[in-house]
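Enquirer: Just dropping this structure here.
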Amino acid sequence: MENEILVDMGGLVAAVRKLLGVGARFGAITCLDLGDGFEVIYHFELQDSPAPLGHVKVRIGKGEALPSISGVYLCAALSENEMRDHFGIEMEGLALDFHKRFLRSKDSPESELLKPAPYEPTPPERLPVRCGDACPAGIDIPRYVRLVGDGRVAEALAVIRQALPFPGILGRVCFAPCEANCRQARQDTPIAIRMLKRFAYDHAAYDEGVPSRQTGKRVAIIGSGPAGLTAAYYLARMGHGVTIYEALPEAGGMMRVGIPSYRLPRAVLDREIDMIRRMGVDILTSNRIASLDTLFEEGYQAVLVATGAHVGIKMGVEGEDHHRVMDCIDFLRDVNLGGRVEPGEAVAIIGGGNAAIDAARSALRLGASDVMMYYRRTRAEMPADACEIEEALKEVVKIRFLAAPTRVLTRDDTIQLESICMRLGPPDASGRPRPEPVEDSEFTVDVSAVIAAIGQHPEFSQEFGIRLGRGNVILAHPETMATSRDAVFAAGDAVLGPASVVEAVRTGKQAASSIDKYLGGTGILAVDEIEVRDLTARDTFIDRWTNESIRVEMPSLPVGERLRGFGEVELGLSEEEARAEGRRCWRCDLEE
Amino acid sequence: MARTVIPFGPQHPVLPEPIHLKLELEDEKVIGVMPVIGYVHRGIEKAAELNTFRQNINLMDRICGICSFIHSLTYCQGIESLIGVEVPARARFLRVFWSELSRAHSHLLWLGLLADAMGFESLFMQCWRAREMVLDISEMTAGHRIIQASCTIGGVRRDMDEEMVREVEKRLIALRQLVDSSIHGVFLHDPTIRQRTAGKGVLSKDQAEVLGAVGHVARASGVAVDMRQTGYAAYGELGFEPVVETGCDSHARVVVRTRELYQSIDLMRRSLTAMPDGRILIRVDGYPVGETVSRCEQPRGEVIYYLKGNGTNHLERLKIRTPTFANIPPLLAMMPGCELADAPVIALSIDPCISCTER
């Protein structure tokens with residue numbers, strides 16, 4: 001501070017007397033506990049007001065008695081008594097002595113301002129946040145968003161890696177329930193959390209440690225989709241021997257055969273699966289398991305059924321057995337596994353879910369010029385992700401709302417789709433308005449193919465011997481994922497019905513935890529401990545108040561270029577954009 | 001001559017504040033006084049170390065119910081100087097506005113309590129009626145009647161649009177008229193008030209200087225101490241001259257405060273007129289490092305904050321010296337020699353605020 005002098009204890013009274021001589025006005029006394037002693041600062045206003053302050057500093061050891069200046073400035077006596085209360089300093093020659101009962105009463109704590117303080121120096125307390133709560137995989141979202149904003153991408157990736165094994169995939173295909181729950185979503189500008197995840201994966205490497213400890217236990221996982229791979233990853237990290245059986249010729253489950261490669265490039269998928277292979281997980285493809293008993297006979301102590309939901313639901317209309325009427329799941333599988341699929345010029349897609357959108361956008365890329373989706377409710381009720389709908393519309397997918405197919409008229413190779421108009425009635429069991437057909441409103445269109453995408457369900461061999469529930473899904477405990485059969489667990493769409501990758505990750509993690517417990521472990525998922533210091537300033541009030549921030553737009557391929565093939569549509573953020581987006585976060589978790 | 005010790009407070013009809021004075025009497029005459037405080041000590045200086053430095057803003061707002069804005073202002077100014085932040089001009093003028101609003105509130109409240117202590121109920125009512133107008137302005141501009149909670153590090157949290165400025169202006173004129181018509185003249189000229197205050201609680205200029213009196217107590221004794229002269233916030237631009245009286249007694253203190261009431265109304269109006277457009281808040285990144293002293297003028301006088309930061313989210317030390325703390329020694333010098341019946345008025349004349357004092 002300006003105008004400060006350091007005096008020793010003997011010179012204190014003389015220094016203060018000198019100040020009185022020049023007409024200084026007494027202000028206050030501050031005492032600081034330095035640990036090994038005290039620093040006492042006397043504040044004076046140097047001359048007639050207004051004037052700068054002067055400070056006299058004196059250091060004393062603990063247990064030493066400080067000479068009082070109340071003989072010079074009587075008014076300092078109160079401050080000295082206060083200092084005595086708070087720090088227990090002995091005073092010499094105090095003009096007015098309250099015997100350490102000035103501010104304190106006999107019930108007050110002793111010397112309350114002494115240090116070390118009787119508290120833990122806090123790592124700032126973090127609050128639960130809506131985005132993090134919304135994440136099925138439980139990623140520490142605000143932290144990684146903040147780290148990306150600070151340009152610490154590797155640490156951000158490590159934070160994501162703690163919660164799930166494949167940030168690259170989820171950074172591209174996740175439907176980001178976090179963004180819908182972001183507080184800034186109220187102003188239509190939620191943080192682009194998913195894009196930041198992708199940015200972290202694309203711009204940083206993460207060194208995956210190979211587990212050293214081996215438990216000697218063996219687990220078989222049926223299905224190499226997101227749930228199976230997640231469980232395999234965590235079980236391998238915990239030292240169990242894991243083998244994945246995959247019925248299809250390639251690993252990845254729905255990520256491979258359901259999600260088109262313009263959303264998820266196969267290179268990314270392969271890299272993520274390779275990482276899991278490197279952890280010591282065996283993936284046996286083209287290997288359909290008919291009975292769980294054979295697995296147990298082979299010596300596996302536990303089995304995880306993560307076979308997904310790969311069977312499309314039938315429309316139940318006349319003429320749907322025609323070979324130009326395809327099931328969406330079969331269609332996508334053929335497309336994604338490189339089979340020859342020619343939907344033709346005019347394609348009708350039935351349904352309004354994400355799979356329907358995927359089928360529509362794939363059909364466009366396969367040469368269809370007129371892709372029309374038929375959905376029996378309106379856009380507000382469409383279950384597909386809003387961004388996906390938006391992208392599909394950009395690529396000129398047409399959507400006919402309030403229309404449902406009634407039959408497929410087949411004549412040799414050409415087919416006609418007859419549909420009926422619908423109107424919205426009172427809400428049904430799902431809470432959405434029930435579509436009701438409008439009488440005599442049938443209409444027909446000539447189409448080259450019909451793709452039914454009205455849902456899918458799992459299918460299991462009777463030999464599995466596990467109890468199934470409505471919709472043919474496995475009945476599993478919602479927390480432990482244990483099935484009705486001992487040592488058999490289930491995860492992913494096989495339990496949930498058609499859900500999402502991130503939901504599959506969640507159940508995969510739960511299953512891995514309880515399989516570990518079942519095999520005698522703790523059930524605590526092994527994650528890398530990372531030390532991250534949050535140093536970003538916490539004041540975002542001004543951002544909230546001014547609300548000048550605008551969500552970053554994901555750069556994407558121009559529509560014309562997209563339709564030439566299955567190249568990835570989203571191009572990823574630049575470093576500048578990603579950092580700006582990360583800084584836009586309100587840091588609700590650090591709110592005070 | 002019998003000596004008696006009469007406990008005055010902490011519970012006393014004329015004393016809303018929990019201060020306890022042990023009055024030593026010879027017959028009816030006070031010959032000695034000893035203060036006893038500590039009834040509402042809350043350990044706020046310690047709490048300020050436990051909180052993060054931003055949480056402290058809310059804590060500082062609550063040190064005192066009357067000058068709450070100025071407490072947080074002093075604190076924020078200290079943090080701003082430690083981090084090295086320039087506050088936008090509009091925010092500085094708004095800070096003056098709310099500071100003066102607090103002062104008008106405090107002065108009217110105190111004038112009313114003083115009238116009440118003298119048994120002048122109708123005047124008490126008039127003062128509090130005027131105070132109500134101030135509280136309405138506070139509620140309109142800051143959203144709260146008492147604790148404005150409008151100051152933050154880097155500026156203020158609320159802005160006023162033109163319509164609100166016009167409305168405030170209208171109300172301030174009405175307030176001024178009310179003070180003119182039924183408060184100012186009574187305090188200055190009413191013979192009862194004169195008799196109860198003139199010549200009571202005399203504090204000479206020398207005593208005021210030696211005993212470290214601040215605020216209206218010092219200014220009523222001819223000592224021109226007013227932190228607003230240092231020009232913090234926008235006081236430098238607005239121009240400021242302290243109100244000084246030389247009566248050295250309780251009546252002079254009443255006069256100082258009545259005149260300051262006009263000055264506050266005037267400052268508020270001028271700050272709203274002179275207020276430039278622009279931002280009211282700037283972003284403050286970083287953590288306080290180093291030590292500083294921040295001073296402001298509260299309704300009761302100079303408040304001193306000593307802040308020491310260590311570059312973390314928590315302050316190393318926050319020391320608060322409030323005006324009443326500095327005015328207790330002068331009070332002890334005023335009392336001896338007075339009649340017991342005058343003791344309440346003299347004690348009130350320094351406008352003790354014990355929740356500030358004890359923190």
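By order in the structure tokens, chains are A, B, ...; within a chain, residues start at 1; ligands start at 1, following the order shown.
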Please provide the set of residues having any atom within 8 Å of Leu103 (chain A), restricted to only C-alpha atoms, with same-chain residues fewer than 2 positions apart removed, written as a PyMOL selection string.
Expert: (chain A and resi 82+85+100-101+105) or (chain B and resi 37-39+41+358)
Enquirer: Which of region 149-361 of chain A counts as alpha helix (DSSP H) under DSSP, as a PyMOL selection string please?
Expert: chain A and resi 149+153-163+167-173+177-181+193-203+226-237+254-257+266-278+292-297+328-336+354-361
Enquirer: Define the interface residues of chain B facing chain A as those within 8 Å, counting only C-alpha atoms, and report them as an MDAnalysis selection string.
Expert: chainID B and resid 36:39 41 43 45:46 54:55 209:212 224:227 229:230 281:287 291:292 304 306 317 319 321 325:326 329 358
Enquirer: Which of region 196-352 of chain B end up as strand (DSSP E) when DSSP is run on this backbone - answer as a ChimeraX atom specification?
Expert: /B:289-298,301-310,315-321
Enquirer: Pick out the residues sitting within 7 Å of region 191-197 of chain B, and hand them over as a VMD selection string; count only C-alpha atoms, and ignore anything fewer than 4 positions along from it in its own chain.
Expert: chain B and resid 187 250 to 251
Enquirer: Could you turn the residues from that selection into a file that holds C-alpha atoms, as a PDB file, in the first residue's frame?
Expert:
```pdb
ATOM      1  CA  PHE B 187     -36.437  20.542  13.386  1.00  0.00           C
ATOM      2  CA  SER B 250     -27.002  17.718  19.346  1.00  0.00           C
ATOM      3  CA  HIS B 251     -28.933  20.465  17.634  1.00  0.00           C
TER       4      HIS B 251
END
```
Enquirer: Which polymer residues have any atom within 9 Å of an atom of region 127-139 of chain A, counting only C-alpha atoms, with same-chain residues fewer than 6 positions away left out, as a PyMOL selection string?
Expert: chain A and resi 159-164+176-183+502-507+509+587-592
Enquirer: Which is closest to Asn327 (chain B) among B:Pro352, B:Gly9, B:Pro18, B:Gly239, if we use only C-alpha atoms?
Expert: B:Pro352
Enquirer: Could you pull the residues within 12 Å of Gln177 (chain B), counting only C-alpha atoms, minus those fewer than 6 positions along the same chain, as a PDB file with N, CA and C atoms, in the first residue's frame?
Expert:
```
ATOM      1  N   ALA B 130     -42.198  10.466   5.026  1.00  0.00           N
ATOM      2  CA  ALA B 130     -41.253  10.840   3.974  1.00  0.00           C
ATOM      3  C   ALA B 130     -40.331   9.661   3.669  1.00  0.00           C
ATOM      4  N   MET B 133     -41.649   7.314   1.182  1.00  0.00           N
ATOM      5  CA  MET B 133     -41.480   7.697  -0.220  1.00  0.00           C
ATOM      6  C   MET B 133     -40.113   7.244  -0.725  1.00  0.00           C
ATOM      7  N   LYS B 170     -39.856  12.869 -10.367  1.00  0.00           N
ATOM      8  CA  LYS B 170     -41.141  13.386  -9.872  1.00  0.00           C
ATOM      9  C   LYS B 170     -41.263  13.122  -8.375  1.00  0.00           C
ATOM     10  N   ARG B 171     -40.885  11.912  -8.007  1.00  0.00           N
ATOM     11  CA  ARG B 171     -41.041  11.550  -6.597  1.00  0.00           C
ATOM     12  C   ARG B 171     -40.066  12.306  -5.709  1.00  0.00           C
ATOM     13  N   ILE B 183     -41.025  18.952   7.794  1.00  0.00           N
ATOM     14  CA  ILE B 183     -39.927  18.360   8.563  1.00  0.00           C
ATOM     15  C   ILE B 183     -38.836  19.379   8.860  1.00  0.00           C
ATOM     16  N   HIS B 184     -38.347  19.993   7.812  1.00  0.00           N
ATOM     17  CA  HIS B 184     -37.191  20.861   7.949  1.00  0.00           C
ATOM     18  C   HIS B 184     -37.439  21.987   8.961  1.00  0.00           C
ATOM     19  N   GLY B 185     -38.523  22.728   8.749  1.00  0.00           N
ATOM     20  CA  GLY B 185     -38.804  23.867   9.614  1.00  0.00           C
ATOM     21  C   GLY B 185     -38.977  23.455  11.062  1.00  0.00           C
ATOM     22  N   TYR B 262     -31.432  17.514   2.128  1.00  0.00           N
ATOM     23  CA  TYR B 262     -31.604  18.292   0.890  1.00  0.00           C
ATOM     24  C   TYR B 262     -30.464  17.995  -0.078  1.00  0.00           C
ATOM     25  N   ILE B 265     -31.027  14.678  -1.795  1.00  0.00           N
ATOM     26  CA  ILE B 265     -32.064  14.759  -2.836  1.00  0.00           C
ATOM     27  C   ILE B 265     -31.473  15.441  -4.057  1.00  0.00           C
TER      28      ILE B 265
END
```
Enquirer: Excluding Leu101 (chain B) and any residue of its chain fewer than 2 positions from it, enumerate the residues within 9 Å of it, using only C-alpha atoms, and give them as a PyMOL selection string.
Expert: chain B and resi 96-99+103-106+134-135+137-138+264-265+268
Enquirer: May I have the residues within 12 Å of Glu139 (chain B) as a PyMOL selection string, using only C-alpha atoms and disregarding those fewer than 4 positions away in the same chain?
Expert: chain B and resi 98+101-102+132-135+143-150+158+164+168
Enquirer: Between B:Asp180, B:Glu49, B:Asp266, B:Glu17, which has the minimum distance to Leu315 (chain B) (counting only C-alpha atoms)?
Expert: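 Going through B:Asp180, B:Glu49, B:Asp266, B:Glu17 one by one, the smallest distance to Leu315 (chain B) is for B:Glu49.
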Enquirer: Quick one: distance from CA of Glu26 (chain B) to CA of Gly201 (chain B) in Å, one decimal?
Expert: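 Taking CA of Glu26 (chain B) and CA of Gly201 (chain B), their separation equals 17.5 Å.
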